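So this block is run-v1.cif, mmCIF, C-alpha atoms:
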```cif
data_run
#
loop_
_atom_site.label_atom_id
_atom_site.label_comp_id
_atom_site.auth_asym_id
_atom_site.auth_seq_id
_atom_site.Cartn_x
_atom_site.Cartn_y
_atom_site.Cartn_z
CA MET A 21 0.00 0.00 0.00
CA SER A 22 1.25 3.46 -0.84
CA GLN A 23 2.23 5.73 2.04
CA PHE A 24 -0.22 8.27 0.58
CA ASP A 25 -4.01 8.33 0.71
CA PHE A 26 -4.07 8.91 -3.06
CA ASP A 27 -1.48 8.83 -5.78
CA ALA A 28 -2.79 12.16 -7.09
CA VAL A 29 -5.24 14.88 -6.14
CA VAL A 30 -6.79 17.15 -8.76
CA VAL A 31 -8.44 20.40 -7.67
CA GLY A 32 -11.47 21.19 -9.83
CA ALA A 33 -14.04 18.85 -11.40
CA GLY A 34 -14.68 20.76 -14.59
CA ALA A 35 -13.85 19.30 -17.98
CA VAL A 36 -10.12 20.00 -17.69
CA GLY A 37 -9.73 18.79 -14.11
CA LEU A 38 -11.62 15.59 -14.87
CA ALA A 39 -9.56 15.06 -18.03
CA CYS A 40 -6.40 15.40 -15.92
CA GLY A 41 -7.78 12.86 -13.47
CA TYR A 42 -8.63 10.53 -16.36
CA ALA A 43 -5.13 10.81 -17.86
CA LEU A 44 -3.55 9.95 -14.51
CA SER A 45 -6.02 7.11 -13.91
CA LYS A 46 -5.09 5.57 -17.27
CA ARG A 47 -1.53 5.34 -15.96
CA GLY A 48 -2.64 3.18 -13.03
CA LEU A 49 -2.80 5.95 -10.44
CA VAL A 50 -5.54 6.26 -7.84
CA VAL A 51 -6.89 9.79 -8.15
CA ALA A 52 -9.14 12.03 -6.05
CA VAL A 53 -10.76 15.00 -7.77
CA LEU A 54 -11.95 17.68 -5.34
CA GLU A 55 -14.79 20.01 -6.33
CA LYS A 56 -16.14 22.87 -4.22
CA GLU A 57 -19.57 22.89 -5.90
CA ALA A 58 -22.31 20.32 -5.23
CA ALA A 59 -21.89 18.68 -8.65
CA ILE A 60 -19.25 18.33 -11.35
CA GLY A 61 -18.90 20.87 -14.14
CA GLN A 62 -20.70 23.75 -12.41
CA GLY A 63 -18.10 26.45 -13.14
CA VAL A 64 -16.62 27.50 -16.48
CA SER A 65 -17.55 24.11 -17.97
CA SER A 66 -21.28 24.71 -17.45
CA ARG A 67 -21.41 28.06 -19.25
CA ASN A 68 -19.78 27.69 -22.65
CA SER A 69 -20.76 27.09 -26.27
CA GLU A 70 -20.20 23.30 -26.24
CA VAL A 71 -18.32 23.79 -29.50
CA ILE A 72 -15.64 21.37 -30.67
CA HIS A 73 -13.07 23.65 -32.27
CA GLY A 74 -11.07 22.64 -35.32
CA GLY A 75 -7.94 24.54 -34.22
CA LEU A 76 -7.83 27.18 -36.96
CA TYR A 77 -6.83 30.37 -35.23
CA TYR A 78 -4.09 29.75 -32.71
CA PRO A 79 -0.49 30.92 -33.22
CA THR A 80 2.01 28.50 -34.75
CA GLY A 81 3.83 26.53 -32.08
CA SER A 82 1.48 27.57 -29.27
CA GLN A 83 0.04 25.10 -26.80
CA LYS A 84 -3.43 26.22 -27.87
CA ALA A 85 -2.72 25.24 -31.48
CA ARG A 86 -1.16 21.88 -30.66
CA LEU A 87 -3.47 20.83 -27.83
CA CYS A 88 -6.64 21.94 -29.63
CA VAL A 89 -5.92 19.76 -32.67
CA GLN A 90 -4.72 16.81 -30.57
CA GLY A 91 -7.58 17.22 -28.12
CA ARG A 92 -10.22 17.49 -30.83
CA ARG A 93 -9.07 14.26 -32.48
CA ALA A 94 -9.03 12.46 -29.13
CA LEU A 95 -12.39 13.96 -28.12
CA TYR A 96 -14.37 12.57 -31.06
CA ALA A 97 -12.92 9.11 -30.39
CA PHE A 98 -13.77 9.39 -26.68
CA LEU A 99 -17.32 10.53 -27.41
CA ASP A 100 -17.82 7.61 -29.79
CA LEU A 101 -16.45 5.10 -27.29
CA HIS A 102 -18.65 6.39 -24.46
CA HIS A 103 -21.77 7.02 -26.57
CA VAL A 104 -21.86 10.74 -25.76
CA ASP A 105 -23.99 12.79 -28.15
CA TYR A 106 -22.33 15.12 -30.64
CA ARG A 107 -22.86 16.53 -34.13
CA ARG A 108 -19.88 17.11 -36.42
CA CYS A 109 -21.74 19.88 -38.25
CA GLY A 110 -18.77 21.86 -39.55
CA LYS A 111 -18.02 25.57 -39.24
CA LEU A 112 -18.12 28.44 -41.72
CA VAL A 113 -15.84 31.37 -40.96
CA VAL A 114 -17.34 34.19 -43.00
CA ALA A 115 -16.11 37.50 -44.39
CA THR A 116 -19.15 39.75 -44.48
CA THR A 117 -17.38 42.66 -46.21
CA PRO A 118 -14.66 42.76 -48.89
CA ASP A 119 -12.08 44.08 -46.43
CA GLU A 120 -12.52 40.97 -44.24
CA VAL A 121 -11.45 38.59 -47.02
CA ALA A 122 -7.77 39.18 -46.26
CA ARG A 123 -8.46 38.09 -42.68
CA LEU A 124 -9.80 34.80 -44.02
CA ASP A 125 -6.56 34.38 -45.95
CA ALA A 126 -4.60 34.72 -42.70
CA ILE A 127 -6.86 32.21 -40.92
CA TRP A 128 -6.47 29.78 -43.84
CA ASP A 129 -2.69 29.98 -43.59
CA GLN A 130 -2.83 29.50 -39.83
CA ALA A 131 -5.16 26.50 -40.11
CA LEU A 132 -2.78 24.79 -42.55
CA ALA A 133 0.18 25.55 -40.28
CA ASN A 134 -1.77 23.99 -37.39
CA ASP A 135 -2.42 20.77 -39.38
CA VAL A 136 -6.20 21.22 -39.40
CA GLU A 137 -7.72 18.63 -41.72
CA GLY A 138 -10.17 19.15 -44.56
CA MET A 139 -10.19 22.93 -44.79
CA GLU A 140 -11.91 24.42 -47.86
CA ARG A 141 -12.05 27.93 -49.33
CA LEU A 142 -15.52 28.95 -50.51
CA SER A 143 -16.83 31.85 -52.53
CA GLY A 144 -19.84 33.70 -51.20
CA GLU A 145 -21.99 31.84 -53.70
CA GLN A 146 -20.64 28.46 -52.59
CA ALA A 147 -21.22 29.32 -48.93
CA ARG A 148 -24.82 30.39 -49.66
CA ALA A 149 -25.38 27.12 -51.51
CA LEU A 150 -24.59 25.36 -48.23
CA GLU A 151 -26.45 27.84 -46.03
CA PRO A 152 -29.17 29.84 -47.82
CA GLY A 153 -29.84 33.08 -46.02
CA LEU A 154 -26.17 33.63 -45.19
CA LYS A 155 -24.60 36.93 -46.25
CA CYS A 156 -20.89 36.78 -46.97
CA GLU A 157 -18.24 37.69 -49.53
CA ALA A 158 -16.26 34.49 -48.94
CA ALA A 159 -15.91 31.78 -46.32
CA LEU A 160 -13.70 29.03 -44.95
CA LEU A 161 -15.22 25.64 -44.22
CA SER A 162 -13.85 23.65 -41.28
CA PRO A 163 -15.58 20.25 -41.48
CA GLN A 164 -14.03 18.97 -38.25
CA SER A 165 -15.81 21.49 -36.02
CA GLY A 166 -18.93 20.48 -34.13
CA VAL A 167 -21.10 20.67 -31.01
CA PHE A 168 -21.44 18.11 -28.23
CA ASP A 169 -22.96 17.22 -24.87
CA SER A 170 -20.27 18.57 -22.56
CA HIS A 171 -21.99 17.37 -19.39
CA GLY A 172 -22.33 13.85 -20.79
CA TYR A 173 -18.62 14.03 -21.57
CA MET A 174 -17.76 15.03 -18.01
CA LEU A 175 -19.92 12.24 -16.59
CA ALA A 176 -18.02 9.78 -18.78
CA LEU A 177 -14.69 11.12 -17.46
CA GLN A 178 -15.96 10.79 -13.89
CA GLY A 179 -17.01 7.21 -14.62
CA GLU A 180 -13.55 6.34 -15.93
CA ILE A 181 -11.85 7.82 -12.85
CA GLU A 182 -14.13 5.92 -10.49
CA ALA A 183 -13.82 2.68 -12.47
CA ALA A 184 -10.06 2.93 -11.95
CA GLY A 185 -10.50 3.10 -8.17
CA GLY A 186 -10.47 6.87 -7.85
CA ALA A 187 -13.03 9.29 -6.42
CA VAL A 188 -14.70 12.51 -7.53
CA VAL A 189 -15.69 14.33 -4.34
CA THR A 190 -18.12 17.26 -4.56
CA SER A 191 -18.98 19.94 -1.96
CA THR A 192 -15.32 19.73 -0.90
CA PRO A 193 -13.48 23.03 -1.38
CA PHE A 194 -9.69 23.02 -1.51
CA GLU A 195 -8.30 25.06 1.38
CA GLY A 196 -4.57 24.56 1.02
CA ALA A 197 -1.66 22.21 0.48
CA THR A 198 1.74 21.78 2.08
CA PRO A 199 4.64 19.97 0.39
CA LEU A 200 6.01 17.13 2.52
CA PRO A 201 9.76 16.88 3.22
CA GLY A 202 10.22 13.57 1.39
CA GLY A 203 7.94 14.46 -1.51
CA GLY A 204 4.19 14.58 -1.84
CA PHE A 205 1.62 16.85 -0.23
CA THR A 206 -0.79 17.22 2.61
CA VAL A 207 -4.01 18.64 1.16
CA ARG A 208 -6.56 20.43 3.34
CA ALA A 209 -10.18 20.29 2.21
CA GLY A 210 -13.26 21.92 3.68
CA GLY A 211 -16.96 21.24 3.42
CA GLU A 212 -19.29 19.73 6.01
CA GLU A 213 -16.48 17.54 7.27
CA ALA A 214 -13.12 19.26 6.95
CA THR A 215 -10.39 16.76 6.26
CA GLU A 216 -6.74 16.32 5.40
CA LEU A 217 -5.40 13.81 2.94
CA THR A 218 -2.02 13.04 1.48
CA CYS A 219 -0.98 12.52 -2.12
CA ARG A 220 2.16 12.10 -4.16
CA LEU A 221 1.07 14.38 -7.02
CA LEU A 222 -1.09 17.50 -7.09
CA VAL A 223 -2.82 19.21 -10.02
CA THR A 224 -4.67 22.50 -9.71
CA ALA A 225 -7.27 23.02 -12.45
CA PRO A 226 -10.02 25.12 -10.84
CA GLY A 227 -10.76 27.54 -13.68
CA LEU A 228 -11.65 30.96 -12.33
CA SER A 229 -10.10 30.12 -8.94
CA ALA A 230 -6.68 29.20 -10.37
CA GLN A 231 -4.81 32.14 -8.87
CA GLY A 232 -6.41 31.79 -5.44
CA VAL A 233 -5.81 28.04 -5.30
CA ALA A 234 -2.14 28.38 -6.29
CA GLY A 235 -1.76 31.03 -3.60
CA HIS A 236 -2.86 28.47 -1.00
CA VAL A 237 -0.12 26.00 -1.92
CA ASP A 238 2.65 26.64 0.58
CA GLY A 239 5.85 27.74 -1.13
CA PHE A 240 4.27 28.56 -4.50
CA PRO A 241 6.20 31.62 -5.73
CA ALA A 242 3.94 34.66 -5.99
CA ASP A 243 5.74 35.77 -9.16
CA GLN A 244 4.68 32.51 -10.85
CA ILE A 245 0.98 33.26 -10.35
CA PRO A 246 -0.12 35.27 -13.41
CA PRO A 247 -2.72 38.00 -12.87
CA GLY A 248 -6.21 36.84 -13.71
CA HIS A 249 -9.11 38.65 -15.38
CA TYR A 250 -12.80 37.81 -15.78
CA GLY A 251 -13.98 37.80 -19.41
CA LYS A 252 -17.78 37.71 -19.38
CA GLY A 253 -19.76 36.60 -22.41
CA VAL A 254 -23.53 36.54 -22.75
CA TYR A 255 -25.73 34.43 -25.03
CA PHE A 256 -29.08 35.03 -26.68
CA ARG A 257 -31.43 32.31 -27.94
CA LEU A 258 -33.59 32.55 -31.04
CA GLN A 259 -37.29 31.88 -30.45
CA ALA A 260 -37.75 30.71 -34.02
CA LYS A 261 -36.50 27.99 -36.34
CA ALA A 262 -32.72 27.67 -36.47
CA PRO A 263 -31.58 29.29 -39.75
CA PHE A 264 -28.33 27.36 -40.36
CA GLU A 265 -27.05 23.82 -39.86
CA ARG A 266 -23.37 24.72 -39.51
CA LEU A 267 -21.59 26.88 -36.98
CA ILE A 268 -21.24 30.44 -38.33
CA TYR A 269 -18.28 32.52 -37.12
CA PRO A 270 -17.29 36.01 -38.22
CA PRO A 271 -13.52 36.69 -38.08
CA PRO A 272 -12.22 36.77 -34.46
CA ILE A 273 -12.42 39.93 -32.39
CA HIS A 274 -9.55 41.16 -30.21
CA GLY A 275 -9.15 38.71 -27.33
CA ALA A 276 -11.87 36.22 -28.35
CA LEU A 277 -13.49 34.43 -31.28
CA GLY A 278 -16.46 36.79 -31.38
CA THR A 279 -20.23 36.41 -31.31
CA HIS A 280 -21.06 33.32 -33.32
CA TYR A 281 -24.04 31.15 -34.21
CA ARG A 282 -24.65 27.54 -33.33
CA LYS A 283 -27.53 25.12 -33.62
CA ASP A 284 -27.40 23.21 -30.38
CA LEU A 285 -28.11 19.51 -29.94
CA GLY A 286 -31.72 20.35 -29.14
CA GLY A 287 -32.10 22.05 -32.53
CA GLN A 288 -32.28 25.62 -31.22
CA ALA A 289 -30.26 28.60 -32.45
CA VAL A 290 -27.96 30.30 -29.94
CA PHE A 291 -25.80 33.40 -30.50
CA GLY A 292 -22.79 34.39 -28.39
CA PRO A 293 -20.66 34.95 -26.52
CA ASP A 294 -19.58 38.55 -26.71
CA LEU A 295 -16.75 39.78 -24.48
CA GLN A 296 -16.87 42.21 -21.58
CA PHE A 297 -14.25 42.42 -18.87
CA VAL A 298 -15.86 42.44 -15.41
CA GLU A 299 -14.59 42.57 -11.83
CA THR A 300 -16.97 40.05 -10.23
CA GLU A 301 -18.72 36.80 -11.11
CA ASP A 302 -21.90 38.34 -12.46
CA TYR A 303 -23.97 35.96 -14.62
CA SER A 304 -26.87 38.30 -15.37
CA VAL A 305 -27.91 38.97 -18.98
CA ASP A 306 -29.25 42.43 -19.77
CA PRO A 307 -32.19 42.03 -22.21
CA ALA A 308 -31.30 45.42 -23.71
CA ARG A 309 -28.14 43.85 -25.18
CA ALA A 310 -30.39 42.16 -27.74
CA GLN A 311 -30.16 45.26 -29.96
CA ASP A 312 -26.35 45.09 -30.08
CA PHE A 313 -26.51 41.37 -30.77
CA ALA A 314 -29.02 41.90 -33.55
CA ALA A 315 -26.85 44.50 -35.27
CA TYR A 316 -23.84 42.17 -35.12
CA ILE A 317 -25.74 39.09 -36.28
CA ARG A 318 -27.32 40.90 -39.24
CA LYS A 319 -23.85 41.30 -40.74
CA PHE A 320 -24.06 37.61 -41.68
CA TRP A 321 -27.83 36.98 -41.35
CA PRO A 322 -29.74 40.06 -42.57
CA ASP A 323 -33.13 38.38 -42.06
CA LEU A 324 -32.79 38.06 -38.28
CA PRO A 325 -36.10 38.96 -36.59
CA ALA A 326 -34.77 40.92 -33.59
CA GLU A 327 -37.95 40.43 -31.57
CA ASP A 328 -37.21 36.69 -31.51
CA LEU A 329 -33.94 37.08 -29.56
CA SER A 330 -34.28 36.31 -25.86
CA PRO A 331 -31.65 36.41 -23.08
CA ASP A 332 -30.23 32.96 -22.39
CA TYR A 333 -27.19 32.69 -20.10
CA ALA A 334 -23.74 34.12 -19.40
CA GLY A 335 -20.32 32.60 -18.85
CA ILE A 336 -17.06 33.95 -17.48
CA ARG A 337 -13.73 32.93 -18.95
CA PRO A 338 -10.51 32.82 -16.86
CA LYS A 339 -8.40 35.22 -18.91
CA LEU A 340 -4.75 36.12 -18.39
CA HIS A 341 -5.06 39.37 -20.32
CA GLY A 342 -7.04 42.55 -19.86
CA PRO A 343 -8.77 44.76 -22.44
CA ASP A 344 -6.60 45.54 -25.49
CA GLU A 345 -3.78 43.28 -24.26
CA PRO A 346 -2.49 40.37 -26.37
CA GLN A 347 -4.13 37.03 -25.64
CA PRO A 348 -1.56 34.69 -24.09
CA ASP A 349 -1.21 30.93 -24.36
CA PHE A 350 -2.42 28.31 -21.89
CA GLN A 351 -0.21 28.27 -18.80
CA ILE A 352 0.62 24.70 -17.69
CA ARG A 353 3.22 25.27 -14.99
CA GLY A 354 5.28 22.44 -13.59
CA ALA A 355 8.26 22.20 -11.26
CA ASP A 356 10.55 23.75 -13.87
CA THR A 357 8.78 27.10 -13.31
CA HIS A 358 7.58 27.08 -9.69
CA GLY A 359 10.12 24.69 -8.18
CA ILE A 360 7.66 22.37 -6.38
CA ALA A 361 8.16 18.75 -7.39
CA GLY A 362 4.99 16.79 -8.12
CA LEU A 363 2.80 19.85 -8.75
CA VAL A 364 1.26 21.11 -12.00
CA ALA A 365 -0.79 24.32 -11.85
CA LEU A 366 -3.03 25.42 -14.72
CA PHE A 367 -3.86 29.05 -15.46
CA GLY A 368 -5.88 30.75 -18.19
CA ILE A 369 -7.53 27.59 -19.51
CA GLU A 370 -10.23 29.30 -21.54
CA SER A 371 -11.27 28.55 -25.13
CA PRO A 372 -10.27 26.15 -26.65
CA GLY A 373 -9.81 24.49 -23.26
CA LEU A 374 -12.90 22.29 -23.53
CA THR A 375 -11.89 20.94 -26.96
CA SER A 376 -8.29 20.59 -25.74
CA SER A 377 -9.13 18.97 -22.40
CA LEU A 378 -8.03 15.39 -23.14
CA ALA A 379 -4.76 16.64 -24.60
CA ILE A 380 -4.24 18.98 -21.63
CA GLY A 381 -4.74 16.01 -19.34
CA GLU A 382 -2.10 14.06 -21.24
CA GLU A 383 0.26 17.04 -21.10
CA VAL A 384 -0.17 17.26 -17.34
CA ALA A 385 0.37 13.53 -16.85
CA ILE A 386 3.52 13.59 -18.99
CA SER A 387 4.84 16.60 -17.06
CA LEU A 388 4.29 14.84 -13.74
CA SER A 389 5.93 11.65 -15.02
CA ALA A 390 8.98 13.63 -16.11
CA SER A 391 9.33 15.29 -12.70
CA ALA A 392 8.77 12.11 -10.68
#
```
Would you put the structure from the file into structure tokens?
Amino acid sequence: MSQFDFDAVVVGAGAVGLACGYALSKRGLVVAVLEKEAAIGQGVSSRNSEVIHGGLYYPTGSQKARLCVQGRRALYAFLDLHHVDYRRCGKLVVATTPDEVARLDAIWDQALANDVEGMERLSGEQARALEPGLKCEAALLSPQSGVFDSHGYMLALQGEIEAAGGAVVTSTPFEGATPLPGGGFTVRAGGEEATELTCRLLVTAPGLSAQGVAGHVDGFPADQIPPGHYGKGVYFRLQAKAPFERLIYPPPIHGALGTHYRKDLGGQAVFGPDLQFVETEDYSVDPARAQDFAAYIRKFWPDLPAEDLSPDYAGIRPKLHGPDEPQPDFQIRGADTHGIAGLVALFGIESPGLTSSLAIGEEVAISLSASA
């Protein structure tokens, strides 16, 4: 029997934390995933677009580019194996004015550099043949993009962890960790019954709480905790028949992919998210924003009936950049940066974190194996 209660503890039972637990479980480790909420996937993972990204946009050589493509390929296979619902509907990235066509050229080049399969250039006429009602000068087709049941995915990850002898423990907030002299950690957890447990390896993947959690690991250097920002995005739902089968994306905005269209698995049309930087976790949706949404959407769908847009939900993304600052890469920080053996801390795991989650889990497991 190991001297530790668990081989590994993962903080955060969202998609990325569960994927990390799954990757470690596949290597024969007994894993505990701690979640402060009463159920899995209640944070960032519950308030997203449920889009499977192709990997088109991300800078050459970045972790986002590599892990998105790897993660997307692994995700479809995982969903098939576990009978989780998805629809590989494809994505059209559209130029709605002549001056946006050059931006499509740049995205095309980036997609090829990122090894994204099956990309096609389309004229406006070709795009409209696929999606009547669409207004565009030209488009890119990414056939590997899709939508999926993210909660079903997380339940499947939880099942794999538990089948391997691990545990996913909800209503158990992480309160701190102390490295042990001979290696490993004592982890302090709260909840109705506060407890301590020991583990050899520790992964922090708590989304919006990443900075606070890292700050409660004794000895974690403050200068290795990047400043965090809240990037709020709201969604509106169409109370009418969905107009398109494929995802429709305008060119990205600064700091995000921009307000896009999707037909969800229930067959309804949803638009969003936009991007606003906020100071607190505020998930309200102002109905008056419908006018701004309508103006944006009509660039690619002129026939939108604005009165059919209704407020839906909001999400907050854990950003490492503020307004008008460049968008950084994922931060997957191991002992080579913070100096604590057996610990990997994740920061800024926003889009395409959900698509990338299985690949992020593998990256974390490999990093921990290398430092063991």
Using only C-alpha atoms, find each residue of stretch 21-86 of chain A with at least one atom at most 9 Å away from an atom of stretch 186-189 of chain A; report its shortest atom-to-atom pair and that distance in Å (one decimal), sort the rows by chain and rising residue number, and return the result as a Markdown table.
```
| residue | atom | partner | partner_atom | distance |
| --- | --- | --- | --- | --- |
| A:Phe26 | CA | A:Gly186 | CA | 8.3 |
| A:Ala33 | CA | A:Val188 | CA | 7.5 |
| A:Leu38 | CA | A:Val188 | CA | 8.5 |
| A:Gly41 | CA | A:Gly186 | CA | 8.6 |
| A:Ser45 | CA | A:Gly186 | CA | 7.5 |
| A:Leu49 | CA | A:Gly186 | CA | 8.1 |
| A:Val50 | CA | A:Gly186 | CA | 5.0 |
| A:Val51 | CA | A:Gly186 | CA | 4.6 |
| A:Ala52 | CA | A:Ala187 | CA | 4.8 |
| A:Val53 | CA | A:Val188 | CA | 4.7 |
| A:Leu54 | CA | A:Val189 | CA | 5.1 |
| A:Glu55 | CA | A:Val189 | CA | 6.1 |
| A:Lys56 | CA | A:Val189 | CA | 8.6 |
| A:Ala58 | CA | A:Val189 | CA | 9.0 |
| A:Ala59 | CA | A:Val189 | CA | 8.7 |
| A:Ile60 | CA | A:Val188 | CA | 8.3 |
```
Expressed in Å, the length from atom CA of A:Ala308 to atom CA of A:Asp328 is 13.1 Å
One residue among A:Glu383, A:Asp135, A:Asp105, A:Glu120 is nearest to A:Ala85 when using only C-alpha atoms, and that residue is A:Asp135
Step by step, work through what the PyMOL selection byres ((chain A and resi 380) around 10) selects in the shown file, and finish by giving those residues as a PyMOL selection string.
chain A and resi 36-37+39-40+43+83-84+86-88+90-91+350+352+366+369+373-379+381-386
Which residues, written as a list in words, have at least one atom at most 6 Å from stretch 293-301 of chain A, with only C-alpha atoms counted and residues fewer than 5 positions away on the same chain left out?
Tyr250, Gly251, Lys252, Gly253, Val254, Tyr255, Gly278 and Thr279 of chain A
Go ahead and write the residues just picked, C-alpha atoms, as a CSV table (one decimal), in the coordinates of the input.
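Generated file (out.csv):
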```csv
chain,number,residue,atom,x,y,z
A,250,TYR,CA,-12.8,37.8,-15.8
A,251,GLY,CA,-14.0,37.8,-19.4
A,252,LYS,CA,-17.8,37.7,-19.4
A,253,GLY,CA,-19.8,36.6,-22.4
A,254,VAL,CA,-23.5,36.5,-22.8
A,255,TYR,CA,-25.7,34.4,-25.0
A,278,GLY,CA,-16.5,36.8,-31.4
A,279,THR,CA,-20.2,36.4,-31.3
```
Using the incomplete input, complete stretch 258-265 of chain A to the level of all heavy atoms; output as a tab-separated table (two decimals), in the frame of the given file.
```
chain	number	residue	atom	x	y	z
A	258	LEU	N	-32.60	32.17	-30.04
A	258	LEU	CA	-33.59	32.55	-31.04
A	258	LEU	C	-34.88	31.78	-30.81
A	258	LEU	O	-34.88	30.55	-30.78
A	258	LEU	CB	-33.05	32.25	-32.45
A	258	LEU	CG	-33.93	32.69	-33.63
A	258	LEU	CD1	-33.96	34.21	-33.73
A	258	LEU	CD2	-33.42	32.07	-34.93
A	259	GLN	N	-35.98	32.51	-30.65
A	259	GLN	CA	-37.29	31.88	-30.45
A	259	GLN	C	-37.97	31.65	-31.80
A	259	GLN	O	-39.09	32.10	-32.04
A	259	GLN	CB	-38.14	32.74	-29.53
A	259	GLN	CG	-37.52	33.02	-28.17
A	259	GLN	CD	-37.23	31.74	-27.39
A	259	GLN	OE1	-38.02	30.79	-27.41
A	259	GLN	NE2	-36.10	31.71	-26.71
A	260	ALA	N	-37.25	31.02	-32.68
A	260	ALA	CA	-37.75	30.71	-34.02
A	260	ALA	C	-36.90	29.58	-34.56
A	260	ALA	O	-35.93	29.14	-33.92
A	260	ALA	CB	-37.68	31.94	-34.93
A	261	LYS	N	-37.23	29.10	-35.74
A	261	LYS	CA	-36.50	27.99	-36.34
A	261	LYS	C	-35.03	28.36	-36.57
A	261	LYS	O	-34.72	29.47	-37.01
A	261	LYS	CB	-37.14	27.60	-37.67
A	261	LYS	CG	-36.47	26.41	-38.35
A	261	LYS	CD	-37.14	26.08	-39.67
A	261	LYS	CE	-36.42	24.93	-40.37
A	261	LYS	NZ	-37.02	24.60	-41.68
A	262	ALA	N	-34.15	27.43	-36.25
A	262	ALA	CA	-32.72	27.67	-36.47
A	262	ALA	C	-32.45	27.88	-37.96
A	262	ALA	O	-32.86	27.06	-38.79
A	262	ALA	CB	-31.90	26.49	-35.95
A	263	PRO	N	-31.73	28.97	-38.33
A	263	PRO	CA	-31.58	29.29	-39.75
A	263	PRO	C	-30.47	28.53	-40.47
A	263	PRO	O	-30.49	28.43	-41.70
A	263	PRO	CB	-31.26	30.79	-39.73
A	263	PRO	CG	-30.57	31.00	-38.41
A	263	PRO	CD	-31.22	30.05	-37.46
A	264	PHE	N	-29.48	28.01	-39.73
A	264	PHE	CA	-28.33	27.36	-40.36
A	264	PHE	C	-28.02	26.04	-39.67
A	264	PHE	O	-28.26	25.89	-38.46
A	264	PHE	CB	-27.08	28.26	-40.29
A	264	PHE	CG	-27.31	29.67	-40.78
A	264	PHE	CD1	-27.19	30.75	-39.92
A	264	PHE	CD2	-27.63	29.91	-42.10
A	264	PHE	CE1	-27.39	32.04	-40.36
A	264	PHE	CE2	-27.83	31.20	-42.56
A	264	PHE	CZ	-27.72	32.28	-41.68
A	265	GLU	N	-27.46	25.10	-40.43
A	265	GLU	CA	-27.05	23.82	-39.86
A	265	GLU	C	-25.64	23.88	-39.29
A	265	GLU	O	-25.33	23.22	-38.30
A	265	GLU	CB	-27.11	22.73	-40.93
A	265	GLU	CG	-28.53	22.37	-41.37
A	265	GLU	CD	-29.35	21.83	-40.21
A	265	GLU	OE1	-28.86	20.93	-39.50
A	265	GLU	OE2	-30.48	22.32	-40.01
```
